[in-house]
$ cat structure.txt   # compact mmCIF, C-alpha atoms
# COMPACT_ATOMS: atom_id res chain seq x y z
CA MET A 1 -119.02 -13.14 -47.50
CA LYS A 2 -117.27 -13.20 -50.88
CA THR A 3 -119.30 -10.21 -52.04
CA ARG A 4 -118.41 -8.28 -48.91
CA THR A 5 -114.69 -9.01 -49.39
CA ALA A 6 -114.87 -7.99 -53.03
CA LEU A 7 -116.63 -4.76 -52.11
CA LEU A 8 -114.06 -4.02 -49.45
CA LEU A 9 -111.25 -4.62 -51.91
CA LEU A 10 -112.91 -2.39 -54.48
CA LEU A 11 -113.40 0.37 -51.91
CA THR A 12 -109.77 0.15 -50.77
CA THR A 13 -108.53 0.30 -54.37
CA ALA A 14 -110.78 3.28 -55.12
CA LEU A 15 -109.58 5.13 -52.02
CA PHE A 16 -105.96 4.42 -52.88
CA ALA A 17 -106.46 5.62 -56.47
CA ALA A 18 -108.25 8.78 -55.28
CA ASN A 19 -105.44 9.51 -52.87
CA GLN A 20 -102.85 9.04 -55.60
CA LEU A 21 -104.76 11.31 -57.97
CA SER A 22 -105.15 13.94 -55.31
CA ALA A 23 -101.45 13.80 -54.47
CA THR A 24 -100.57 14.10 -58.16
CA ALA A 25 -102.79 17.13 -58.52
CA ARG A 26 -101.34 18.93 -55.53
CA GLU A 27 -97.68 18.06 -55.50
CA PRO A 28 -95.76 20.57 -57.60
CA ASP A 29 -93.50 18.12 -59.35
CA GLN A 30 -94.37 18.92 -62.94
CA SER A 31 -91.71 20.78 -64.83
CA ASP A 32 -94.06 23.65 -65.67
CA GLN A 33 -94.83 24.02 -61.96
CA LEU A 34 -91.23 24.63 -60.99
CA VAL A 35 -89.21 27.63 -62.06
CA LYS A 36 -85.45 27.73 -61.72
CA PRO A 37 -83.83 30.85 -60.26
CA GLU A 38 -82.09 31.72 -63.52
CA GLU A 39 -85.38 31.42 -65.42
CA LEU A 40 -87.20 33.69 -62.99
CA ALA A 41 -84.36 36.21 -62.98
CA LYS A 42 -84.56 36.33 -66.76
CA LEU A 43 -88.32 36.86 -66.69
CA LEU A 44 -87.97 39.63 -64.11
CA SER A 45 -85.24 41.36 -66.07
CA SER A 46 -87.64 42.13 -68.91
CA GLU A 47 -90.36 44.72 -68.43
CA THR A 48 -92.68 42.83 -70.73
CA THR A 49 -92.41 39.45 -69.05
CA SER A 50 -92.21 40.79 -65.50
CA ALA A 51 -95.49 42.66 -66.00
CA GLN A 52 -97.21 39.38 -66.81
CA LEU A 53 -96.18 37.74 -63.60
CA SER A 54 -96.72 38.02 -59.84
CA VAL A 55 -93.91 36.86 -57.58
CA LEU A 56 -95.13 36.25 -54.05
CA CYS A 57 -93.04 35.51 -50.98
CA VAL A 58 -94.81 33.01 -48.76
CA GLY A 59 -91.95 32.80 -46.28
CA PHE A 60 -91.13 34.31 -42.90
CA PRO A 61 -90.89 38.09 -42.42
CA VAL A 62 -87.48 38.07 -40.74
CA LEU A 63 -85.90 36.41 -43.77
CA TYR A 64 -87.84 38.63 -46.20
CA ARG A 65 -86.33 41.66 -44.47
CA GLY A 66 -82.91 40.03 -44.65
CA GLY A 67 -83.23 39.90 -48.42
CA HIS A 68 -85.91 39.24 -51.02
CA ILE A 69 -86.42 39.15 -54.76
CA VAL A 70 -86.64 42.61 -56.25
CA GLY A 71 -90.20 43.06 -57.44
CA SER A 72 -91.64 40.36 -55.21
CA LYS A 73 -94.47 40.93 -52.80
CA PHE A 74 -94.54 39.69 -49.23
CA VAL A 75 -97.55 37.61 -48.31
CA GLY A 76 -96.39 35.72 -45.24
CA PRO A 77 -95.83 32.15 -44.16
CA ALA A 78 -98.37 29.88 -45.79
CA SER A 79 -97.84 27.25 -43.12
CA ARG A 80 -100.17 29.33 -40.95
CA PRO A 81 -103.88 29.97 -41.47
CA GLU A 82 -103.32 33.74 -41.49
CA GLY A 83 -100.71 33.28 -44.21
CA ILE A 84 -103.19 31.39 -46.36
CA GLN A 85 -105.79 34.10 -45.75
CA ALA A 86 -103.27 36.77 -46.75
CA LEU A 87 -102.45 34.81 -49.89
CA ARG A 88 -106.12 34.55 -50.85
CA ARG A 89 -106.56 38.28 -50.28
CA GLU A 90 -103.50 39.03 -52.34
CA VAL A 91 -104.72 37.14 -55.38
CA GLN A 92 -108.45 37.73 -55.14
CA ASN A 93 -108.53 40.31 -57.93
CA LEU A 94 -106.12 38.53 -60.23
CA PRO A 95 -107.34 36.62 -63.28
CA ARG A 96 -107.31 32.87 -62.63
CA ASN A 97 -104.85 32.31 -65.48
CA ARG A 98 -102.35 34.84 -64.12
CA ARG A 99 -98.80 33.50 -63.94
CA ILE A 100 -97.94 33.39 -60.23
CA VAL A 101 -94.56 32.33 -58.87
CA LEU A 102 -94.41 31.47 -55.17
CA TYR A 103 -91.21 31.28 -53.23
CA CYS A 104 -89.92 30.82 -49.71
CA GLY A 105 -86.39 29.41 -49.34
CA CYS A 106 -86.44 29.39 -45.54
CA CYS A 107 -85.22 25.81 -45.48
CA PRO A 108 -84.08 23.06 -47.82
CA TRP A 109 -86.80 22.21 -50.37
CA ASP A 110 -88.12 19.11 -48.67
CA ASP A 111 -88.25 20.83 -45.29
CA CYS A 112 -90.03 24.01 -46.38
CA PRO A 113 -93.32 24.30 -44.50
CA ASN A 114 -94.72 27.07 -46.71
CA ILE A 115 -94.49 26.37 -50.42
CA ARG A 116 -96.77 23.34 -50.60
CA PRO A 117 -99.67 24.84 -48.60
CA ALA A 118 -99.41 28.01 -50.71
CA PHE A 119 -99.41 26.01 -53.93
CA GLU A 120 -102.37 23.94 -52.81
CA ALA A 121 -104.33 26.99 -51.70
CA LEU A 122 -103.95 28.71 -55.07
CA HIS A 123 -104.93 25.56 -56.93
CA ALA A 124 -107.95 25.17 -54.70
CA THR A 125 -108.89 28.77 -55.47
CA GLY A 126 -108.87 27.99 -59.17
CA PHE A 127 -105.53 29.41 -60.29
CA THR A 128 -104.22 27.43 -63.20
CA ASN A 129 -100.83 28.95 -63.86
CA VAL A 130 -99.00 28.71 -60.55
CA ALA A 131 -95.35 27.77 -60.20
CA LEU A 132 -92.89 27.43 -57.38
CA LEU A 133 -89.42 28.90 -57.46
CA TYR A 134 -87.18 25.88 -57.04
CA LEU A 135 -84.71 26.65 -54.26
CA PRO A 136 -83.19 23.28 -53.37
CA HIS A 137 -81.02 24.53 -50.50
CA LYS A 138 -82.32 27.88 -49.35
CA PHE A 139 -82.89 31.40 -50.63
CA LEU A 140 -79.45 32.54 -49.54
CA ASP A 141 -77.64 29.78 -51.41
CA ASP A 142 -79.81 29.53 -54.47
CA TRP A 143 -80.69 33.16 -55.11
CA ILE A 144 -78.64 35.68 -53.11
CA SER A 145 -75.28 33.92 -53.36
CA LYS A 146 -75.76 33.44 -57.08
CA GLY A 147 -75.98 37.18 -57.56
CA PHE A 148 -79.61 37.49 -58.60
CA PRO A 149 -81.22 40.85 -57.75
CA VAL A 150 -82.03 41.26 -54.07
CA GLN A 151 -83.55 43.99 -52.02
CA LYS A 152 -82.94 44.16 -48.30
CA GLY A 153 -84.83 45.49 -45.40
CA ASP A 154 -88.13 46.95 -46.49
CA GLU A 155 -91.00 46.19 -44.19
CA PRO A 156 -93.41 43.43 -45.23
CA LYS A 157 -96.76 45.02 -45.98
CA MET B 1 -75.39 21.63 -45.18
CA SER B 2 -75.03 23.11 -48.59
CA GLY B 3 -74.16 26.74 -48.80
CA THR B 4 -72.72 26.91 -45.32
CA LEU B 5 -70.62 29.96 -44.95
CA VAL B 6 -68.01 29.93 -42.27
CA VAL B 7 -66.09 33.05 -41.56
CA ASP B 8 -63.64 32.91 -38.77
CA ALA B 9 -60.96 35.05 -37.27
CA LEU B 10 -59.09 32.24 -35.58
CA ARG B 11 -57.24 30.94 -38.56
CA PRO B 12 -53.68 32.14 -38.91
CA SER B 13 -53.46 32.99 -42.58
CA LEU B 14 -55.33 34.85 -45.27
CA SER B 15 -56.75 32.85 -48.09
CA GLU B 16 -59.25 33.36 -50.86
CA PRO B 17 -62.76 31.98 -50.61
CA LYS B 18 -62.66 28.36 -51.67
CA PRO B 19 -65.12 25.53 -52.09
CA ARG B 20 -65.57 23.62 -48.84
CA SER B 21 -66.98 20.51 -50.41
CA SER B 22 -68.59 19.16 -53.51
CA VAL B 23 -71.86 20.73 -52.39
CA SER B 24 -70.36 24.18 -52.70
CA ARG B 25 -69.86 25.05 -49.08
CA LEU B 26 -67.67 28.04 -48.71
CA VAL B 27 -65.04 28.86 -46.22
CA ILE B 28 -63.87 32.41 -46.16
CA THR B 29 -60.88 32.93 -43.95
CA VAL B 30 -59.81 36.32 -42.78
CA VAL B 31 -56.79 37.45 -40.83
CA ALA B 32 -57.68 37.41 -37.18
CA MET B 33 -55.53 40.13 -35.89
CA ALA B 34 -56.19 42.46 -38.79
CA ALA B 35 -59.86 42.29 -38.02
CA VAL B 36 -59.54 42.37 -34.26
CA GLY B 37 -58.94 45.84 -33.02
CA SER B 38 -60.13 47.60 -36.13
CA CYS B 39 -63.30 48.81 -34.47
CA GLU B 40 -64.46 49.09 -30.90
CA CYS B 41 -68.09 48.75 -31.74
CA ALA B 42 -70.27 46.64 -33.94
CA GLU B 43 -70.38 48.25 -37.31
CA ALA B 44 -73.75 49.65 -38.22
CA GLY B 45 -74.91 48.65 -41.66
CA ALA B 46 -72.62 45.67 -41.98
CA ARG B 47 -73.27 44.11 -45.38
CA ASP B 48 -73.17 40.56 -44.18
CA GLN B 49 -72.05 38.39 -41.30
CA ALA B 50 -68.44 38.34 -42.54
CA ASP B 51 -68.21 42.07 -41.88
CA LEU B 52 -68.86 41.49 -38.20
CA VAL B 53 -65.95 39.14 -37.60
CA GLY B 54 -63.41 40.86 -35.38
CA LYS B 55 -65.92 43.45 -34.17
CA VAL B 56 -67.49 43.68 -30.74
CA ALA B 57 -70.69 41.64 -30.79
CA PRO B 58 -73.74 43.91 -30.64
CA ASP B 59 -75.24 43.76 -27.18
CA PHE B 60 -78.93 43.16 -26.62
CA ALA B 61 -81.45 42.76 -23.85
CA LEU B 62 -84.12 40.26 -24.81
CA PRO B 63 -86.84 38.35 -23.00
CA GLY B 64 -85.92 34.82 -22.06
CA LEU B 65 -88.34 31.92 -22.16
CA SER B 66 -89.41 32.50 -18.57
CA GLY B 67 -89.76 36.24 -18.92
CA GLU B 68 -86.33 37.05 -17.54
CA THR B 69 -84.08 39.51 -19.40
CA VAL B 70 -81.19 37.97 -21.27
CA LYS B 71 -78.31 40.29 -22.09
CA LEU B 72 -75.32 39.31 -24.14
CA SER B 73 -73.16 41.44 -21.83
CA ASP B 74 -74.14 39.16 -18.95
CA PHE B 75 -71.98 36.49 -20.58
CA LYS B 76 -68.86 38.61 -20.91
CA GLY B 77 -65.83 36.55 -19.98
CA LYS B 78 -67.36 33.44 -21.50
CA ILE B 79 -67.04 32.05 -24.97
CA VAL B 80 -70.53 32.28 -26.45
CA LEU B 81 -71.99 30.46 -29.40
CA LEU B 82 -74.83 32.76 -30.37
CA ASP B 83 -77.26 30.68 -32.40
CA PHE B 84 -80.06 32.35 -34.37
CA TRP B 85 -82.79 29.82 -35.03
CA ALA B 86 -86.55 29.40 -35.29
CA THR B 87 -89.00 26.67 -34.43
CA TRP B 88 -90.11 26.41 -38.08
CA CYS B 89 -86.54 25.83 -39.26
CA ALA B 90 -85.96 22.09 -39.61
CA PRO B 91 -82.17 22.32 -39.97
CA CYS B 92 -82.12 24.44 -36.78
CA ARG B 93 -84.06 21.82 -34.88
CA ARG B 94 -81.77 19.09 -36.15
CA GLU B 95 -78.79 20.96 -34.74
CA VAL B 96 -80.11 21.09 -31.19
CA PRO B 97 -78.84 17.69 -29.99
CA GLY B 98 -75.34 18.64 -31.11
CA LEU B 99 -75.59 22.03 -29.42
CA ASN B 100 -76.71 20.30 -26.24
CA ARG B 101 -73.65 18.08 -26.37
CA LEU B 102 -71.41 21.12 -26.91
CA GLN B 103 -72.98 22.78 -23.92
CA ARG B 104 -72.35 19.70 -21.83
CA GLN B 105 -68.76 19.37 -23.01
CA PHE B 106 -67.63 22.96 -22.63
CA ALA B 107 -69.91 24.73 -20.15
CA ALA B 108 -67.74 24.05 -17.14
CA ARG B 109 -64.84 25.76 -18.90
CA GLY B 110 -66.57 29.08 -19.46
CA PHE B 111 -68.62 28.45 -22.57
CA THR B 112 -72.29 28.70 -23.37
CA VAL B 113 -74.58 28.29 -26.29
CA LEU B 114 -77.11 31.13 -26.37
CA GLY B 115 -80.10 30.55 -28.63
CA ILE B 116 -81.91 33.49 -30.17
CA SER B 117 -85.26 32.47 -31.56
CA LEU B 118 -86.58 34.58 -34.41
CA ASP B 119 -90.12 33.30 -34.07
CA GLU B 120 -92.37 36.33 -34.22
CA GLU B 121 -94.98 34.70 -31.99
CA GLY B 122 -92.63 34.81 -29.03
CA ALA B 123 -92.10 32.63 -25.99
CA SER B 124 -95.51 30.94 -26.03
CA VAL B 125 -94.56 29.22 -29.29
CA VAL B 126 -90.87 28.74 -28.56
CA ARG B 127 -91.10 27.42 -24.99
CA PRO B 128 -92.87 24.12 -25.76
CA ILE B 129 -90.57 23.39 -28.69
CA ALA B 130 -87.50 24.20 -26.60
CA GLN B 131 -88.78 21.83 -23.93
CA ARG B 132 -89.55 19.12 -26.46
CA LEU B 133 -86.08 19.45 -27.96
CA GLY B 134 -84.53 19.41 -24.49
CA MET B 135 -82.55 22.60 -25.07
CA SER B 136 -80.07 22.70 -22.21
CA TYR B 137 -78.83 26.23 -22.81
CA PRO B 138 -80.39 29.69 -22.45
CA VAL B 139 -82.80 30.81 -25.15
CA ALA B 140 -84.05 34.33 -25.73
CA ILE B 141 -86.69 35.73 -28.05
CA GLY B 142 -85.08 37.83 -30.74
CA THR B 143 -86.32 40.97 -32.43
CA GLN B 144 -85.95 42.41 -35.88
CA GLN B 145 -83.51 44.93 -34.38
CA VAL B 146 -81.20 42.17 -33.19
CA ALA B 147 -81.41 40.45 -36.59
CA THR B 148 -80.52 43.78 -38.20
CA ASP B 149 -77.66 44.39 -35.75
CA TYR B 150 -76.19 41.05 -36.77
CA ALA B 151 -76.03 42.17 -40.40
CA GLY B 152 -79.58 41.19 -41.31
CA ILE B 153 -80.16 37.50 -40.90
CA GLN B 154 -80.69 35.98 -44.35
CA ALA B 155 -80.77 32.31 -43.45
CA LEU B 156 -81.28 30.13 -40.45
CA PRO B 157 -79.48 28.82 -38.61
CA THR B 158 -76.86 31.54 -38.39
CA ALA B 159 -74.38 31.44 -35.54
CA PHE B 160 -71.58 33.57 -34.20
CA LEU B 161 -68.76 32.48 -31.95
CA ILE B 162 -67.99 35.28 -29.52
CA GLY B 163 -64.74 35.33 -27.56
CA ARG B 164 -64.27 36.11 -23.91
CA ASP B 165 -63.53 39.73 -24.78
CA GLY B 166 -66.88 40.09 -26.51
CA ARG B 167 -65.53 40.11 -30.04
CA ILE B 168 -66.95 37.99 -32.81
CA LEU B 169 -64.47 35.30 -33.72
CA ALA B 170 -66.43 33.45 -36.37
CA ALA B 171 -69.72 33.47 -38.22
CA PHE B 172 -71.52 30.40 -39.50
CA VAL B 173 -74.35 30.75 -41.96
CA GLY B 174 -76.28 27.58 -42.54
CA ALA B 175 -76.38 24.24 -40.82
CA ARG B 176 -73.19 22.52 -39.70
CA ASP B 177 -72.26 19.72 -37.39
CA GLU B 178 -71.08 19.95 -33.82
CA SER B 179 -67.53 18.83 -34.61
CA GLN B 180 -67.05 22.03 -36.59
CA PHE B 181 -68.20 24.04 -33.61
CA ALA B 182 -66.18 22.00 -31.13
CA LYS B 183 -63.02 22.57 -33.15
CA ILE B 184 -63.46 26.31 -33.24
CA VAL B 185 -64.43 26.51 -29.56
CA ARG B 186 -61.18 24.74 -28.73
CA GLN B 187 -59.31 27.20 -30.94
CA ALA B 188 -60.99 30.05 -29.09
CA GLU B 189 -59.95 28.55 -25.79
CA GLU B 190 -56.36 28.23 -26.95
CA LYS B 191 -56.36 31.81 -28.18
CA ASP B 192 -57.48 32.93 -24.75
CA GLY B 193 -54.92 30.69 -23.08
CA VAL B 194 -57.65 29.13 -21.03
CA SER B 195 -57.39 25.52 -22.02
CA SER B 196 -55.99 23.53 -24.83
CA VAL B 197 -57.03 20.22 -23.41
CA VAL B 198 -59.34 18.33 -25.67
CA PRO B 199 -62.27 17.34 -23.48
CA GLN B 200 -63.20 13.74 -23.02
CA PRO B 201 -66.08 12.81 -25.24
CA ASN B 202 -69.34 12.52 -23.40
CA ARG B 203 -70.74 9.94 -25.72

$ encode --input "structure.txt" --output "structure tokens"
Amino acid sequence: MKTRTALLLLLTTALFAANQLSATAREPDQSDQLVKPEELAKLLSSETTSAQLSVLCVGFPVLYRGGHIVGSKFVGPASRPEGIQALRREVQNLPRNRRIVLYCGCCPWDDCPNIRPAFEALHATGFTNVALLYLPHKFLDDWISKGFPVQKGDEPK
Amino acid sequence: MSGTLVVDALRPSLSEPKPRSSVSRLVITVVAMAAVGSCECAEAGARDQADLVGKVAPDFALPGLSGETVKLSDFKGKIVLLDFWATWCAPCRREVPGLNRLQRQFAARGFTVLGISLDEEGASVVRPIAQRLGMSYPVAIGTQQVATDYAGIQALPTAFLIGRDGRILAAFVGARDESQFAKIVRQAEEKDGVSSVVPQPNR
């Protein structure tokens, strides 16, 4: 009986630890996994640094048309299976150490349904240099209203 | 709530944009009468929602949740709170109970909330969420054209208060609470000379 209890305790602890490790690996809370708008704008303003980086919009098409980061590419909402598929297609020919910045900004950070699935999908695919654009409120407040370069209206491809 | 932009044509004086709160909400006030009457039609290519205040609200004919056609012009003579939202937008969903209460408070006096969903999947996705949220006001399925006509929606929720004459009285970009809406609906009623009586609270 004692052995069974000990085994059960060990199993529970192991499961808890595995869950914690997994959460740590996926959750983009490391400083190098978050990029501030001003940092990204600076990177995009230089031809050299912008060429070394892919900026992908994993948000909703209607908001992308309303305004998006100049030089970014529309992938689609990563909260949907087709969005994840589109993301995988988009990056399939990129080197796994390519710097990729994902952004959405549809909603406040904690509410965004897209950024975390996109981040997880790229990590699962083996990409090692993925970051999220940190938009605490929404794209309008944290990028457009701050005067960073925006393009309006072109059709998501 | 942060980043909420409120542009309204009901305030009596012109003032510069100013911080609304410590979380950098902005209120931009424009002169009502200067804006009203400057154009008989919605301005094509409006840069943002502020440009539409004082203009005639762009009309549309959109499918409703039951397949019926919903036209803005069908509501002429009413004060309309046109609310752009989407099922994936958490702040939009959080606003619904307050919009329901507004509808209950003001509907009998010639007011309606009109929801425009920008979900691309259409009514099959929106209908169950609308039912779950208990939306008590009409909801139509929006198109990119409507989003463009309303100056290109850049954030959700975005709402417009439309007066009885069909002109846009105020634009709200970002989430806000119902008291803000209730206040401006009352102002719109006073402007129209319909009612200045503050309704009894329903809660």

$ atom_distance --input "structure.txt" --atom1 "atom CA of Leu87 of chain A" --atom2 "atom CA of Val75 of chain A"
5.9 Å

$ interface_residues --input "structure.txt" --of "chain A" --to "chain B" --cutoff "10 Å" --atoms "all atoms listed in the file" --output "PyMOL selection string"
chain A and resi 60-68+79+105-108+110-114+136-142+144-145+152-153

$ atom_distance --input "structure.txt" --atom1 "atom CA of Ser136 of chain B" --atom2 "atom CA of Gly166 of chain B"
22.2 Å

$ atom_distance --input "structure.txt" --atom1 "atom CA of Tyr137 of chain B" --atom2 "atom CA of Gln105 of chain B"
12.2 Å

$ residues_around --input "structure.txt" --residues "Leu94 of chain A" --least-positions-apart "3" --cutoff "12 Å" --atoms "all atoms listed in the file" --output "list in words"
Gln52, Leu53, Ser54, Leu87, Arg88, Arg89, Glu90, Val91, Asn97, Arg98, Arg99, Ile100, Leu122, Thr125, Gly126, Phe127, Thr128 and Asn129 of chain A

$ residues_around --input "structure.txt" --residues "segment 70-87 of chain B" --least-positions-apart "3" --cutoff "7 Å" --atoms "all atoms listed in the file" --output "ChimeraX atom specification"
/B:59-64,92-93,110-119,126,129,140,156-166

$ closest_atom_pairs --input "structure.txt" --of "segment 98-137 of chain B" --to "segment 182-188 of chain B" --cutoff "10 Å" --atoms "all atoms listed in the file" --output "JSON lines"
{"residue": "B:Gly98", "atom": "CA", "partner": "B:Ala182", "partner_atom": "CA", "distance": 9.8}
{"residue": "B:Leu99", "atom": "CA", "partner": "B:Ala182", "partner_atom": "CA", "distance": 9.6}
{"residue": "B:Arg101", "atom": "CA", "partner": "B:Ala182", "partner_atom": "CA", "distance": 9.7}
{"residue": "B:Leu102", "atom": "CA", "partner": "B:Ala182", "partner_atom": "CA", "distance": 6.8}
{"residue": "B:Gln103", "atom": "CA", "partner": "B:Ala182", "partner_atom": "CA", "distance": 9.9}
{"residue": "B:Gln105", "atom": "CA", "partner": "B:Ala182", "partner_atom": "CA", "distance": 8.9}
{"residue": "B:Phe106", "atom": "CA", "partner": "B:Val185", "partner_atom": "CA", "distance": 8.4}
{"residue": "B:Phe111", "atom": "CA", "partner": "B:Val185", "partner_atom": "CA", "distance": 8.4}

$ write_last_selection --input "structure.txt" --atoms "C-alpha atoms" --output "PDB file, keeping the file's coordinate frame"
ATOM      1  CA  GLY B  98     -75.340  18.640 -31.110  1.00  0.00           C
ATOM      2  CA  LEU B  99     -75.590  22.030 -29.420  1.00  0.00           C
ATOM      3  CA  ARG B 101     -73.650  18.080 -26.370  1.00  0.00           C
ATOM      4  CA  LEU B 102     -71.410  21.120 -26.910  1.00  0.00           C
ATOM      5  CA  GLN B 103     -72.980  22.780 -23.920  1.00  0.00           C
ATOM      6  CA  GLN B 105     -68.760  19.370 -23.010  1.00  0.00           C
ATOM      7  CA  PHE B 106     -67.630  22.960 -22.630  1.00  0.00           C
ATOM      8  CA  PHE B 111     -68.620  28.450 -22.570  1.00  0.00           C
TER       9      PHE B 111
END

$ residues_around --input "structure.txt" --residues "Tyr103 of chain A" --least-positions-apart "3" --cutoff "7 Å" --atoms "all atoms listed in the file" --output "number ranges by chain"
A: 56-58, 115, 132-133

$ closest_residue --input "structure.txt" --among "A:Ile84, A:Leu44, A:Ala121, A:Cys104" --to "Leu135 of chain A" --atoms "only C-alpha atoms"
A:Cys104
